>>> print(open('query-v9.cif').read())   # mmCIF, C-alpha atoms
data_run
loop_
_atom_site.label_atom_id
_atom_site.label_comp_id
_atom_site.auth_asym_id
_atom_site.auth_seq_id
_atom_site.Cartn_x
_atom_site.Cartn_y
_atom_site.Cartn_z
CA MET A 1 11.38 1.07 21.33
CA ALA A 2 7.66 1.10 20.54
CA GLY A 3 5.10 3.82 20.02
CA TRP A 4 1.72 4.81 18.67
CA GLY A 5 0.82 7.26 15.93
CA TRP A 6 -2.52 8.99 15.41
CA GLY A 7 -3.94 11.04 12.57
CA GLY A 8 -7.01 12.14 10.70
CA ALA A 9 -8.23 13.71 7.49
CA ILE A 10 -11.34 15.48 6.23
CA LEU A 11 -11.85 15.50 2.45
CA LYS A 12 -14.54 17.32 0.46
CA ASP A 13 -15.07 17.38 -3.28
CA ASP A 14 -17.71 18.85 -5.63
CA ALA A 15 -17.69 17.66 -9.24
CA GLY A 16 -19.76 17.11 -12.35
CA ALA A 17 -22.85 18.61 -13.88
CA GLY A 18 -24.94 16.70 -11.36
CA VAL A 19 -23.07 18.44 -8.53
CA LEU A 20 -21.76 15.25 -6.98
CA THR A 21 -20.65 16.13 -3.46
CA SER A 22 -18.36 13.81 -1.53
CA THR A 23 -17.44 14.25 2.13
CA GLU A 24 -15.00 11.84 3.77
CA VAL A 25 -13.87 11.80 7.40
CA TYR A 26 -11.02 9.44 8.29
CA GLY A 27 -9.19 8.55 11.46
CA SER A 28 -5.90 6.62 11.56
CA VAL A 29 -3.92 4.71 14.14
CA ALA A 30 -0.53 3.01 13.77
CA TYR A 31 1.72 0.98 16.04
CA HIS A 32 5.51 1.15 15.60
CA GLN A 33 7.88 -1.49 16.94
CA MET A 34 11.67 -1.41 16.74
CA VAL A 35 13.29 -4.77 15.98
CA GLY A 36 16.89 -4.74 17.08
CA TYR A 37 18.89 -1.63 16.37
CA SER A 38 18.14 -1.04 12.68
CA SER A 39 14.63 -2.21 11.80
CA LEU A 40 11.16 -0.80 12.36
CA ILE A 41 7.83 -2.55 11.74
CA THR A 42 4.58 -0.59 11.55
CA LEU A 43 0.97 -1.79 11.45
CA GLY A 44 -1.71 0.77 10.70
CA PHE A 45 -5.48 1.06 10.36
CA ASN A 46 -7.53 3.74 8.63
CA ALA A 47 -11.30 3.99 9.13
CA GLY A 48 -13.65 6.49 7.57
CA TYR A 49 -17.25 7.57 7.19
CA ILE A 50 -18.25 8.57 3.65
CA ASN A 51 -21.21 10.65 2.48
CA LYS A 52 -22.05 11.17 -1.19
CA ARG A 53 -24.90 13.33 -2.47
CA ILE A 54 -26.08 14.08 -5.98
CA ASN A 55 -28.29 16.93 -7.18
CA THR A 56 -30.68 15.09 -9.48
CA THR A 57 -32.26 18.30 -10.83
CA SER A 58 -29.03 19.05 -12.69
CA LEU A 59 -28.93 15.67 -14.45
CA LYS A 60 -30.09 14.96 -18.00
CA PHE A 61 -31.03 11.50 -19.28
CA PRO A 62 -31.28 10.02 -22.81
CA ASP A 63 -35.10 10.00 -22.84
CA GLN A 64 -35.09 13.79 -22.21
CA PHE A 65 -33.45 14.48 -25.59
CA ASP A 66 -35.96 16.11 -27.96
CA GLY A 67 -33.85 15.67 -31.08
CA LYS A 68 -31.92 18.90 -30.67
CA PHE A 69 -31.49 19.55 -26.96
CA PHE A 70 -31.84 17.93 -23.56
CA ASP A 71 -35.00 19.20 -21.88
CA ASN A 72 -35.20 18.70 -18.09
CA SER A 73 -38.93 19.37 -18.14
CA LEU A 74 -39.53 16.16 -20.08
CA PRO A 75 -40.34 13.06 -17.99
CA THR A 76 -37.69 10.39 -17.57
CA SER A 77 -37.84 6.70 -16.80
CA VAL A 78 -34.67 6.94 -14.69
CA VAL A 79 -35.48 7.01 -10.98
CA ILE A 80 -32.66 7.78 -8.57
CA ASP A 81 -34.33 6.71 -5.36
CA GLN A 82 -31.32 7.24 -3.07
CA PRO A 83 -29.59 10.56 -3.90
CA ASP A 84 -27.85 10.66 -0.50
CA VAL A 85 -25.72 7.65 0.53
CA ASN A 86 -23.51 6.90 3.52
CA PHE A 87 -21.12 4.04 4.10
CA PHE A 88 -18.17 2.96 6.23
CA ASP A 89 -14.68 2.40 4.80
CA LEU A 90 -11.84 0.39 6.38
CA GLN A 91 -8.19 0.11 5.31
CA ILE A 92 -5.17 -1.71 6.73
CA GLY A 93 -1.46 -1.61 5.98
CA MET A 94 2.00 -2.77 7.09
CA ASN A 95 5.40 -1.16 6.65
CA TYR A 96 8.98 -2.33 7.19
CA ALA A 97 11.99 0.00 7.38
CA TYR A 98 15.65 -1.04 7.50
CA PHE A 99 18.41 1.48 8.27
CA PRO A 100 21.72 -0.31 9.00
CA THR A 101 23.87 2.82 8.59
CA SER A 102 23.37 6.57 8.46
CA ASN A 103 23.89 6.40 4.68
CA LEU A 104 21.18 3.86 3.82
CA TYR A 105 17.44 3.66 4.41
CA LEU A 106 15.22 0.98 2.83
CA ASN A 107 11.46 0.93 3.13
CA GLY A 108 8.63 -1.25 1.85
CA GLY A 109 4.96 -1.70 2.56
CA PHE A 110 1.67 -3.25 1.58
CA SER A 111 -1.90 -2.12 2.17
CA ILE A 112 -5.48 -3.05 1.34
CA GLN A 113 -8.15 -0.40 0.93
CA HIS A 114 -11.94 -0.89 1.17
CA ILE A 115 -11.58 -4.27 2.87
CA ASN A 116 -15.18 -4.09 4.11
CA ARG A 117 -16.43 -3.39 0.53
CA GLY A 118 -18.93 -0.64 1.35
CA ARG A 119 -21.88 -0.27 -1.02
CA GLU A 120 -21.70 2.91 -3.10
CA SER A 121 -24.87 3.40 -5.12
CA PHE A 122 -27.61 5.98 -5.63
CA PHE A 123 -30.08 3.16 -6.26
CA THR A 124 -31.73 1.08 -3.55
CA THR A 125 -31.25 -2.14 -5.52
CA ASP A 126 -28.63 -3.03 -8.10
CA PRO A 127 -29.52 -4.06 -11.67
CA SER A 128 -29.11 -7.74 -12.41
CA GLY A 129 -25.47 -8.72 -12.76
CA PHE A 130 -24.13 -5.45 -11.28
CA ASP A 131 -22.33 -5.21 -7.93
CA SER A 132 -22.16 -1.69 -6.46
CA ARG A 133 -19.86 -2.68 -3.60
CA ILE A 134 -16.45 -0.98 -3.77
CA PRO A 135 -13.77 -3.53 -4.78
CA GLU A 136 -10.67 -4.00 -2.64
CA ARG A 137 -7.62 -2.07 -3.76
CA TYR A 138 -4.19 -3.62 -3.19
CA ILE A 139 -1.13 -1.37 -2.98
CA GLY A 140 2.56 -2.20 -2.63
CA PHE A 141 5.60 0.05 -2.62
CA VAL A 142 9.36 0.05 -2.09
CA ASN A 143 11.75 2.96 -1.79
CA ALA A 144 15.20 3.83 -0.57
CA SER A 145 17.36 6.75 0.38
CA ILE A 146 21.08 6.32 -0.34
CA LYS A 147 23.85 8.81 0.40
CA VAL A 148 26.25 8.03 -2.43
CA LEU A 149 28.50 11.09 -1.90
CA PRO A 150 28.83 13.62 0.93
CA TYR A 151 26.75 16.06 -1.18
CA VAL A 152 24.42 13.67 -3.10
CA ILE A 153 21.49 11.56 -1.89
CA LEU A 154 19.57 9.30 -4.29
CA ASN A 155 15.95 8.38 -3.62
CA PRO A 156 14.68 5.55 -5.89
CA GLY A 157 11.16 4.23 -5.48
CA GLY A 158 8.43 2.09 -6.96
CA TYR A 159 4.67 1.78 -6.57
CA TYR A 160 2.16 -0.81 -7.79
CA THR A 161 -1.59 -1.02 -7.31
CA VAL A 162 -4.42 -3.18 -8.64
CA ASP A 163 -8.11 -2.41 -8.32
CA ALA A 164 -10.91 -4.41 -9.98
CA GLY A 165 -8.51 -5.56 -12.70
CA ALA A 166 -7.06 -2.09 -13.36
CA GLN A 167 -3.33 -1.87 -12.69
CA GLU A 168 -0.79 0.91 -12.24
CA LEU A 169 3.00 0.69 -11.98
CA SER A 170 5.22 3.70 -11.32
CA LEU A 171 9.03 3.69 -11.00
CA GLY A 172 11.63 6.43 -10.75
CA LEU A 173 14.06 8.33 -8.59
CA ASN A 174 15.07 11.80 -7.52
CA ALA A 175 18.42 13.17 -6.38
CA GLN A 176 19.18 15.79 -3.72
CA TYR A 177 22.29 17.93 -4.19
CA ASP A 178 23.67 19.85 -1.22
CA LEU A 179 24.70 23.42 -2.07
CA GLU A 180 26.14 24.48 1.30
CA ASP A 181 27.77 21.45 2.98
CA ASN A 182 25.15 21.43 5.75
CA GLY A 183 21.88 20.64 3.97
CA ASP A 184 20.36 24.09 4.50
CA GLN A 185 20.11 24.65 0.75
CA GLN A 186 19.52 21.80 -1.70
CA VAL A 187 18.31 21.38 -5.26
CA ILE A 188 16.20 18.35 -6.22
CA GLY A 189 15.73 16.77 -9.62
CA GLY A 190 14.08 13.54 -10.64
CA LEU A 191 12.17 11.55 -13.21
CA TYR A 192 9.35 9.03 -12.78
CA CYS A 193 7.40 6.85 -15.18
CA ARG A 194 3.83 5.65 -14.86
CA PHE A 195 4.03 2.78 -17.32
CA GLY A 196 1.64 2.93 -20.21
CA ASP A 197 0.48 6.41 -19.30
CA ALA A 198 2.92 9.20 -18.45
CA VAL A 199 6.46 10.45 -17.81
CA ILE A 200 6.77 12.66 -14.73
CA PRO A 201 9.71 15.07 -14.32
CA MET A 202 10.31 16.57 -10.87
CA ILE A 203 12.19 19.63 -9.63
CA GLY A 204 12.51 21.08 -6.15
CA PHE A 205 14.43 23.14 -3.65
CA VAL A 206 15.15 22.88 0.07
CA TYR A 207 15.76 25.95 2.22
CA HIS A 208 16.50 25.12 5.84
CA ASN A 209 13.42 23.12 6.99
CA MET A 210 11.19 24.01 4.04
CA ARG A 211 10.98 21.70 1.03
CA ILE A 212 9.23 22.73 -2.21
CA THR A 213 8.69 20.31 -5.11
CA PHE A 214 6.89 20.49 -8.45
CA THR A 215 5.96 17.58 -10.74
CA TYR A 216 4.20 17.47 -14.09
CA ASP A 217 2.60 14.47 -15.81
CA VAL A 218 3.47 14.36 -19.53
CA THR A 219 0.91 12.04 -21.14
CA THR A 220 2.50 9.36 -23.33
CA SER A 221 -0.49 7.02 -23.82
CA SER A 222 -3.23 7.30 -26.44
CA LEU A 223 -4.95 9.76 -24.10
CA LYS A 224 -2.59 12.42 -25.49
CA ASN A 225 -4.84 12.46 -28.57
CA TYR A 226 -7.57 13.90 -26.37
CA ASP A 227 -5.66 16.13 -23.95
CA ASN A 228 -3.01 17.33 -26.45
CA GLY A 229 -0.33 15.79 -24.26
CA TYR A 230 -1.18 18.00 -21.31
CA GLY A 231 -1.27 16.26 -17.97
CA ALA A 232 -1.65 17.12 -14.31
CA PHE A 233 0.78 19.09 -12.19
CA GLU A 234 1.39 18.89 -8.46
CA PHE A 235 2.96 21.37 -6.09
CA ALA A 236 4.03 20.36 -2.59
CA LEU A 237 5.28 22.41 0.35
CA GLN A 238 6.65 20.55 3.38
CA GLN A 239 8.17 21.57 6.68
CA GLN A 240 10.78 19.12 7.91
CA GLY A 241 12.61 18.57 11.15
CA PHE A 242 9.90 18.23 13.81
CA TYR A 243 11.84 15.53 15.68
CA ASN A 244 15.31 15.44 17.15
CA GLN A 245 17.85 13.16 15.50
CA TYR A 246 18.17 11.07 18.65
CA ASN A 247 15.70 10.18 21.36
CA GLY A 248 17.83 9.78 24.47
CA ASP A 249 20.40 7.10 23.70
CA ARG A 250 18.13 5.16 21.30
CA ARG A 251 18.53 5.58 17.55
CA GLN A 252 15.33 6.37 15.66
CA SER A 253 14.35 5.41 12.11
CA LEU A 254 16.59 7.91 10.28
CA CYS A 255 16.95 8.72 6.60
CA PRO A 256 20.35 9.83 5.27
CA SER A 257 20.92 13.52 5.81
CA PHE A 258 23.43 16.24 4.90
CA LYS A 259 23.29 17.64 8.42
CA GLN A 260 25.96 16.49 10.84
#
>>> encode(input="query-v9.cif", output="structure tokens")
Amino acid sequence: MAGWGWGGAILKDDAGAGVLTSTEVYGSVAYHQMVGYSSLITLGFNAGYINKRINTTSLKFPDQFDGKFFDNSLPTSVVIDQPDVNFFDLQIGMNYAYFPTSNLYLNGGFSIQHINRGRESFFTTDPSGFDSRIPERYIGFVNASIKVLPYVILNPGGYYTVDAGAQELSLGLNAQYDLEDNGDQQVIGGLYCRFGDAVIPMIGFVYHNMRITFTYDVTTSSLKNYDNGYGAFEFALQQQGFYNQYNGDRRQSLCPSFKQ
């Protein structure tokens, strides 16, 4: 069995005193190929067009400080000669899934972002020794879904990324507990760790095809001295079950489920 997948995303963000506006438009394509009865290989591409604009009238520079305040009416030696920039972004990734039984699903993948290294700068030329091209970002992950009891499914996972020397490693798991013997009502609990930075508890609930989860980052690094230990929270709402369990007489890539 083989097939194609298509997708897209439009992202917009406004931030900072300089009113930095980012607009990103991405399109994605992926090819899926079954290998035997219990493996699936996927190759995907993601391409996007990025626009970034900055409102220079809202910016203040060191030579506009009069000793007490920053005065925008004072001249500055800083010249932003390209306040509106556009560039192309290309990403590629591979994924392998293995599902030998209805109680086990293993998944792993690797991707590279910004492989074309688009130039992101509000200056026409870079200062000596500075490279404004976006560095490649390498990402790898592994996860699993394991039905250990008729009413319990464990979902361990790990994620690692490196970008221009900066690294991030996250590991953890969550567990689904079936409340009604058919998967229509479940509670979810889990714990993740972003090493050197945060501990992330997770709670959630499933009602029929709707899944709600909530996570909160508890800062454990030295950054807690500046944010008082407060981190970021994330709320997710998902609708599940768009596809039938079987496609004709061919088994699809299936995760363990409480539904019979």
>>> resolve_selection(input="query-v9.cif", expression="the PyMOL selection byres ((chain A and resi 81) around 7)", output="tab-separated table (two decimals) with C-alpha atoms, in the frame of the given file")
chain	number	residue	atom	x	y	z
A	79	VAL	CA	-35.48	7.01	-10.98
A	80	ILE	CA	-32.66	7.78	-8.57
A	82	GLN	CA	-31.32	7.24	-3.07
A	83	PRO	CA	-29.59	10.56	-3.90
A	122	PHE	CA	-27.61	5.98	-5.63
A	123	PHE	CA	-30.08	3.16	-6.26
A	124	THR	CA	-31.73	1.08	-3.55
>>> closest_residue(input="query-v9.cif", among="A:Thr56, A:Asn46, A:Ser77, A:Asn103", to="Gln91 (chain A)", atoms="all atoms listed in the file")
A:Asn46
>>> atom_distance(input="query-v9.cif", atom1="CA of Leu40 (chain A)", atom2="CA of Glu136 (chain A)")
26.7 Å
>>> closest_residue(input="query-v9.cif", among="A:Phe110, A:Ile41, A:Gly140, A:Leu179", to="Gln167 (chain A)", atoms="only C-alpha atoms")
A:Gly140
>>> atom_distance(input="query-v9.cif", atom1="CA of Ile146 (chain A)", atom2="CA of Leu104 (chain A)")
4.8 Å
>>> atom_distance(input="query-v9.cif", atom1="CA of Trp6 (chain A)", atom2="CA of Ile50 (chain A)")
19.6 Å
>>> closest_residue(input="query-v9.cif", among="A:Glu180, A:Glu168, A:Asp84, A:Asp126", to="Leu20 (chain A)", atoms="all atoms listed in the file")
A:Asp84
>>> closest_residue(input="query-v9.cif", among="A:Pro127, A:Gly7, A:Gly36, A:Gly172", to="Met202 (chain A)", atoms="all atoms listed in the file")
A:Gly172
>>> closest_residue(input="query-v9.cif", among="A:Gly5, A:Pro256, A:Gly108, A:Gly48", to="Tyr151 (chain A)", atoms="all atoms listed in the file")
A:Pro256
>>> residues_around(input="query-v9.cif", residues="Lys52 (chain A)", least_positions_apart="2", cutoff="10 Å", atoms="all atoms listed in the file", output="PyMOL selection string")
chain A and resi 12-14+20-24+50+54+83-87+120-122
>>> write_last_selection(input="query-v9.cif", atoms="C-alpha atoms", output="compact mmCIF listing (two decimals), keeping the file's coordinate frame")
# COMPACT_ATOMS: atom_id res chain seq x y z
CA LYS A 12 -14.54 17.32 0.46
CA ASP A 13 -15.07 17.38 -3.28
CA ASP A 14 -17.71 18.85 -5.63
CA LEU A 20 -21.76 15.25 -6.98
CA THR A 21 -20.65 16.13 -3.46
CA SER A 22 -18.36 13.81 -1.53
CA THR A 23 -17.44 14.25 2.13
CA GLU A 24 -15.00 11.84 3.77
CA ILE A 50 -18.25 8.57 3.65
CA ILE A 54 -26.08 14.08 -5.98
CA PRO A 83 -29.59 10.56 -3.90
CA ASP A 84 -27.85 10.66 -0.50
CA VAL A 85 -25.72 7.65 0.53
CA ASN A 86 -23.51 6.90 3.52
CA PHE A 87 -21.12 4.04 4.10
CA GLU A 120 -21.70 2.91 -3.10
CA SER A 121 -24.87 3.40 -5.12
CA PHE A 122 -27.61 5.98 -5.63
>>> resolve_selection(input="query-v9.cif", expression="the PyMOL selection byres ((chain A and resi 178) around 10)", output="JSON, numbers by chain")
{"A": [150, 151, 152, 153, 175, 176, 177, 179, 180, 181, 182, 183, 184, 185, 186, 187, 188, 206, 257, 258, 259]}
>>> resolve_selection(input="query-v9.cif", expression="the PyMOL selection byres ((chain A and resi 141) around 10)", output="list in words")
Asn95, Asn107, Gly108, Gly109, Phe110, Ser111, Ile139, Gly140, Val142, Asn143, Gly157, Gly158, Tyr159, Tyr160, Thr161, Leu169, Ser170 and Leu171 of chain A
>>> closest_residue(input="query-v9.cif", among="A:Gly44, A:Gly231, A:Pro75, A:Pro156", to="Lys60 (chain A)", atoms="all atoms listed in the file")
A:Pro75
>>> residues_around(input="query-v9.cif", residues="Met210 (chain A)", least_positions_apart="4", cutoff="8 Å", atoms="only C-alpha atoms", output="mmCIF file with C-alpha atoms, in the coordinates of the input")
data_model
loop_
_atom_site.group_PDB
_atom_site.id
_atom_site.type_symbol
_atom_site.label_atom_id
_atom_site.label_comp_id
_atom_site.auth_asym_id
_atom_site.auth_seq_id
_atom_site.Cartn_x
_atom_site.Cartn_y
_atom_site.Cartn_z
ATOM 1 C CA VAL A 206 15.150 22.880 0.070
ATOM 2 C CA LEU A 237 5.280 22.410 0.350
ATOM 3 C CA GLN A 238 6.650 20.550 3.380
ATOM 4 C CA GLN A 239 8.170 21.570 6.680
ATOM 5 C CA GLN A 240 10.780 19.120 7.910
#
>>> residues_around(input="query-v9.cif", residues="Tyr230 (chain A)", least_positions_apart="4", cutoff="8 Å", atoms="only C-alpha atoms", output="count of residues only")
4
>>> residues_around(input="query-v9.cif", residues="Phe45 (chain A)", least_positions_apart="6", cutoff="8 Å", atoms="all atoms listed in the file", output="MDAnalysis selection string")
chainID A and resid 28:30 90:93
>>> write_last_selection(input="query-v9.cif", atoms="C-alpha atoms", output="PDB file, keeping the file's coordinate frame")
ATOM      1  CA  SER A  28      -5.900   6.620  11.560  1.00  0.00           C
ATOM      2  CA  VAL A  29      -3.920   4.710  14.140  1.00  0.00           C
ATOM      3  CA  ALA A  30      -0.530   3.010  13.770  1.00  0.00           C
ATOM      4  CA  LEU A  90     -11.840   0.390   6.380  1.00  0.00           C
ATOM      5  CA  GLN A  91      -8.190   0.110   5.310  1.00  0.00           C
ATOM      6  CA  ILE A  92      -5.170  -1.710   6.730  1.00  0.00           C
ATOM      7  CA  GLY A  93      -1.460  -1.610   5.980  1.00  0.00           C
TER       8      GLY A  93
END
>>> residues_around(input="query-v9.cif", residues="Ile200 (chain A)", least_positions_apart="2", cutoff="6 Å", atoms="all atoms listed in the file", output="PyMOL selection string")
chain A and resi 191-193+216-217
>>> decode(input="query-v9.cif", residues="region 116-149 of chain A", atoms="N, CA and C atoms", output="mmCIF file, in the first residue's frame")
data_model
loop_
_atom_site.group_PDB
_atom_site.id
_atom_site.type_symbol
_atom_site.label_atom_id
_atom_site.label_comp_id
_atom_site.auth_asym_id
_atom_site.auth_seq_id
_atom_site.Cartn_x
_atom_site.Cartn_y
_atom_site.Cartn_z
ATOM 1 N N ASN A 116 18.217 25.022 2.951
ATOM 2 C CA ASN A 116 18.716 25.969 1.954
ATOM 3 C C ASN A 116 19.384 27.181 2.590
ATOM 4 N N ARG A 117 19.317 27.308 3.930
ATOM 5 C CA ARG A 117 19.957 28.381 4.690
ATOM 6 C C ARG A 117 19.600 29.765 4.128
ATOM 7 N N GLY A 118 18.324 30.101 4.182
ATOM 8 C CA GLY A 118 17.874 31.413 3.727
ATOM 9 C C GLY A 118 18.481 32.535 4.555
ATOM 10 N N ARG A 119 18.728 33.679 3.923
ATOM 11 C CA ARG A 119 19.329 34.815 4.612
ATOM 12 C C ARG A 119 18.243 35.643 5.289
ATOM 13 N N GLU A 120 18.390 35.837 6.591
ATOM 14 C CA GLU A 120 17.406 36.554 7.401
ATOM 15 C C GLU A 120 18.084 37.758 8.048
ATOM 16 N N SER A 121 18.001 38.902 7.412
ATOM 17 C CA SER A 121 18.673 40.087 7.932
ATOM 18 C C SER A 121 17.960 41.349 7.454
ATOM 19 N N PHE A 122 17.932 42.355 8.317
ATOM 20 C CA PHE A 122 17.369 43.654 7.953
ATOM 21 C C PHE A 122 18.446 44.604 7.432
ATOM 22 N N PHE A 123 19.629 44.061 7.170
ATOM 23 C CA PHE A 123 20.723 44.846 6.619
ATOM 24 C C PHE A 123 21.134 44.262 5.270
ATOM 25 N N THR A 124 21.447 45.097 4.330
ATOM 26 C CA THR A 124 21.807 44.643 2.989
ATOM 27 C C THR A 124 23.080 43.820 3.007
ATOM 28 N N THR A 125 24.043 44.235 3.808
ATOM 29 C CA THR A 125 25.303 43.500 3.937
ATOM 30 C C THR A 125 25.550 43.170 5.395
ATOM 31 N N ASP A 126 26.206 42.043 5.639
ATOM 32 C CA ASP A 126 26.497 41.623 7.008
ATOM 33 C C ASP A 126 27.788 42.260 7.508
ATOM 34 N N PRO A 127 27.868 42.573 8.810
ATOM 35 C CA PRO A 127 29.137 43.021 9.387
ATOM 36 C C PRO A 127 30.201 41.936 9.225
ATOM 37 N N SER A 128 31.433 42.334 9.260
ATOM 38 C CA SER A 128 32.535 41.395 9.113
ATOM 39 C C SER A 128 32.472 40.318 10.183
ATOM 40 N N GLY A 129 32.579 39.066 9.743
ATOM 41 C CA GLY A 129 32.578 37.946 10.675
ATOM 42 C C GLY A 129 31.207 37.477 11.099
ATOM 43 N N PHE A 130 30.128 38.064 10.566
ATOM 44 C CA PHE A 130 28.769 37.667 10.936
ATOM 45 C C PHE A 130 28.064 37.055 9.736
ATOM 46 N N ASP A 131 27.389 35.926 9.962
ATOM 47 C CA ASP A 131 26.671 35.226 8.906
ATOM 48 C C ASP A 131 25.180 35.242 9.232
ATOM 49 N N SER A 132 24.374 35.936 8.457
ATOM 50 C CA SER A 132 22.947 36.077 8.739
ATOM 51 C C SER A 132 22.104 34.956 8.134
ATOM 52 N N ARG A 133 22.753 33.976 7.508
ATOM 53 C CA ARG A 133 21.987 32.844 6.987
ATOM 54 C C ARG A 133 21.492 31.979 8.142
ATOM 55 N N ILE A 134 20.275 31.454 8.017
ATOM 56 C CA ILE A 134 19.697 30.628 9.070
ATOM 57 C C ILE A 134 20.432 29.282 9.110
ATOM 58 N N PRO A 135 20.935 28.859 10.269
ATOM 59 C CA PRO A 135 21.640 27.568 10.328
ATOM 60 C C PRO A 135 20.664 26.406 10.208
ATOM 61 N N GLU A 136 21.162 25.267 9.730
ATOM 62 C CA GLU A 136 20.332 24.070 9.679
ATOM 63 C C GLU A 136 19.967 23.630 11.099
ATOM 64 N N ARG A 137 18.778 23.096 11.224
ATOM 65 C CA ARG A 137 18.336 22.533 12.500
ATOM 66 C C ARG A 137 18.054 21.054 12.298
ATOM 67 N N TYR A 138 18.684 20.213 13.121
ATOM 68 C CA TYR A 138 18.542 18.768 13.018
ATOM 69 C C TYR A 138 17.645 18.274 14.162
ATOM 70 N N ILE A 139 16.676 17.431 13.820
ATOM 71 C CA ILE A 139 15.697 16.958 14.797
ATOM 72 C C ILE A 139 15.543 15.445 14.673
ATOM 73 N N GLY A 140 15.561 14.759 15.794
ATOM 74 C CA GLY A 140 15.313 13.326 15.822
ATOM 75 C C GLY A 140 14.330 12.993 16.934
ATOM 76 N N PHE A 141 13.507 11.982 16.729
ATOM 77 C CA PHE A 141 12.559 11.598 17.765
ATOM 78 C C PHE A 141 12.273 10.103 17.694
ATOM 79 N N VAL A 142 11.853 9.556 18.821
ATOM 80 C CA VAL A 142 11.360 8.179 18.909
ATOM 81 C C VAL A 142 10.170 8.187 19.867
ATOM 82 N N ASN A 143 9.171 7.365 19.574
ATOM 83 C CA ASN A 143 8.081 7.203 20.518
ATOM 84 C C ASN A 143 7.451 5.842 20.323
ATOM 85 N N ALA A 144 6.567 5.502 21.238
ATOM 86 C CA ALA A 144 5.911 4.204 21.193
ATOM 87 C C ALA A 144 4.544 4.315 21.835
ATOM 88 N N SER A 145 3.704 3.376 21.504
ATOM 89 C CA SER A 145 2.408 3.230 22.147
ATOM 90 C C SER A 145 2.247 1.750 22.474
ATOM 91 N N ILE A 146 2.095 1.440 23.770
ATOM 92 C CA ILE A 146 2.120 0.051 24.223
ATOM 93 C C ILE A 146 0.891 -0.213 25.094
ATOM 94 N N LYS A 147 0.091 -1.165 24.695
ATOM 95 C CA LYS A 147 -1.072 -1.561 25.488
ATOM 96 C C LYS A 147 -0.617 -2.628 26.467
ATOM 97 N N VAL A 148 -0.384 -2.222 27.719
ATOM 98 C CA VAL A 148 0.171 -3.131 28.713
ATOM 99 C C VAL A 148 -0.921 -3.898 29.459
ATOM 100 N N LEU A 149 -2.134 -3.356 29.500
ATOM 101 C CA LEU A 149 -3.291 -3.998 30.104
ATOM 102 C C LEU A 149 -4.511 -3.660 29.252
#
